[in-house]
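Let me begin by presenting the structure, written as structure tokens, before commenting on it.
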Amino acid sequence: MVREVVIYPDKRLKQVSSEVDVFNEELHTLLDDMYDTMVQKKGVGLAAIQIGIPKRVLIVNIPTDESEDAVVKKEETLEIINPVFTTMEGECKNQEGCLSVPGFYEDVERAKRVVMEYQNRHGEKKIIETEDFLAIALQHEIDHLDGKVFVEKLSILKRKKFEKEWKKRQKN
């Protein structure tokens, strides 16, 4: 089921999400709904808080086909619960966007390479080591779990410009 995406500056996006300790059908439904929502909104990632659920749950699916009508396969979607970075190395800058800040894109600095521990939908512990776009997407989504939106990572000047443009856009 597609759920409504929480849009900036909704206060829920500032909420720090709590850990998941029960891995049951309710969690599976949440993950399935997150997938449906991400695909319908044409995103590459989604944190549970973006649909109003303050749990440490996120999904990411980086399409291998860059075309507009690329099919996002469910079995290729990373389902991540209770993520913790154990290593963050290097630096890179990449343009980011967000389903909670629709239509706005800006360069953001992130770690180039990450190692992360997490649990899957069944509570099994996993480790992922990745770099470049997937590493960036994971950092972006985990920021959501910590109550942060990517625009908060912008320089003061870019942030002020964003806030001005965003307010103007919200009035229209």
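Letters A, B, ... mark the chains of the structure tokens in the order given; residue numbers begin at 1 per chain; ligand numbers begin at 1, in order shown.
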Can I get the residues of region 2-94 of chain A within 12 Å of region 157-170 of chain A, each with the closest pair of atoms and their distance in Å to one decimal, using only C-alpha atoms, sorted chain first then ascending number, as a tab-separated table?
residue	atom	partner	partner_atom	distance
A:Ile7	CA	A:Gln170	CA	10.8
A:Tyr8	CA	A:Trp166	CA	9.3
A:Pro9	CA	A:Trp166	CA	9.6
Next on the checklist: Neighbouring residues of region 4-6 of chain A were defined as those with any atom within 7 Å, considering only C-alpha atoms; residues of the same chain fewer than 3 positions away were excluded. Please report them as a ChimeraX atom specification.
Outcome noted: /A:10,50-52,100
Pull C-alpha atoms from the residues just selected and write them as a compact mmCIF listing (two decimals), in the first residue's frame.
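Dumped to result.txt:
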# COMPACT_ATOMS: atom_id res chain seq x y z
CA ASP A 10 6.99 18.75 9.02
CA GLN A 50 9.27 9.72 5.90
CA ILE A 51 5.90 7.98 6.08
CA GLY A 52 5.39 9.03 9.69
CA SER A 100 10.44 14.75 1.64
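The space separating CA of Glu75 (chain A) from CA of Lys148 (chain A) comes to 28.1 Å.
Every protein or nucleic acid residue with an atom no more than 10 Å from Cys92 (chain A), counting only C-alpha atoms and leaving out same-chain residues fewer than 3 positions away, appears here: Glu89, Asp107, Val108, Glu109, Arg110, Ala111, Lys112, Arg113, Glu131, Asp132, Phe133 and Ile136 of chain A.
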Please write the residues from the selection above to a file, keeping N, CA and C atoms, as a PDB file, in the first residue's frame.
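Okay, again_30.pdb is ready:
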ATOM      1  N   GLU A  89      34.751   6.354   5.642  1.00  0.00           N
ATOM      2  CA  GLU A  89      36.059   6.813   5.165  1.00  0.00           C
ATOM      3  C   GLU A  89      35.933   7.642   3.898  1.00  0.00           C
ATOM      4  N   ASP A 107      24.297  19.706  -4.012  1.00  0.00           N
ATOM      5  CA  ASP A 107      25.487  18.924  -3.687  1.00  0.00           C
ATOM      6  C   ASP A 107      25.672  18.837  -2.177  1.00  0.00           C
ATOM      7  N   VAL A 108      25.961  17.624  -1.702  1.00  0.00           N
ATOM      8  CA  VAL A 108      26.166  17.372  -0.274  1.00  0.00           C
ATOM      9  C   VAL A 108      27.441  16.554  -0.113  1.00  0.00           C
ATOM     10  N   GLU A 109      28.230  16.880   0.907  1.00  0.00           N
ATOM     11  CA  GLU A 109      29.444  16.114   1.203  1.00  0.00           C
ATOM     12  C   GLU A 109      29.100  14.949   2.120  1.00  0.00           C
ATOM     13  N   ARG A 110      29.651  13.791   1.785  1.00  0.00           N
ATOM     14  CA  ARG A 110      29.427  12.558   2.544  1.00  0.00           C
ATOM     15  C   ARG A 110      30.723  11.761   2.563  1.00  0.00           C
ATOM     16  N   ALA A 111      30.718  10.697   3.389  1.00  0.00           N
ATOM     17  CA  ALA A 111      31.813   9.730   3.345  1.00  0.00           C
ATOM     18  C   ALA A 111      31.710   8.954   2.031  1.00  0.00           C
ATOM     19  N   LYS A 112      32.835   8.635   1.444  1.00  0.00           N
ATOM     20  CA  LYS A 112      32.866   7.903   0.165  1.00  0.00           C
ATOM     21  C   LYS A 112      32.610   6.410   0.367  1.00  0.00           C
ATOM     22  N   ARG A 113      33.118   5.867   1.491  1.00  0.00           N
ATOM     23  CA  ARG A 113      33.027   4.427   1.754  1.00  0.00           C
ATOM     24  C   ARG A 113      32.480   4.217   3.158  1.00  0.00           C
ATOM     25  N   GLU A 131      30.597   1.660  -1.323  1.00  0.00           N
ATOM     26  CA  GLU A 131      31.107   3.017  -1.560  1.00  0.00           C
ATOM     27  C   GLU A 131      30.284   3.684  -2.647  1.00  0.00           C
ATOM     28  N   ASP A 132      30.597   4.954  -2.860  1.00  0.00           N
ATOM     29  CA  ASP A 132      29.976   5.766  -3.898  1.00  0.00           C
ATOM     30  C   ASP A 132      28.476   5.929  -3.675  1.00  0.00           C
ATOM     31  N   PHE A 133      27.650   5.744  -4.718  1.00  0.00           N
ATOM     32  CA  PHE A 133      26.245   6.131  -4.641  1.00  0.00           C
ATOM     33  C   PHE A 133      25.456   5.385  -3.561  1.00  0.00           C
ATOM     34  N   ILE A 136      26.342   6.821  -0.217  1.00  0.00           N
ATOM     35  CA  ILE A 136      25.692   8.133  -0.064  1.00  0.00           C
ATOM     36  C   ILE A 136      24.219   7.953   0.294  1.00  0.00           C
TER      37      ILE A 136
END
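Using only C-alpha atoms, the smallest distance between any of A:His28, A:Arg56, A:Val114, A:Thr86 and Leu134 (chain A) comes from A:Val114.
Among the candidates A:Ile49, A:Ile142, A:Val20, A:Leu13, the one nearest to Asn120 (chain A) when counting only C-alpha atoms is A:Val20.
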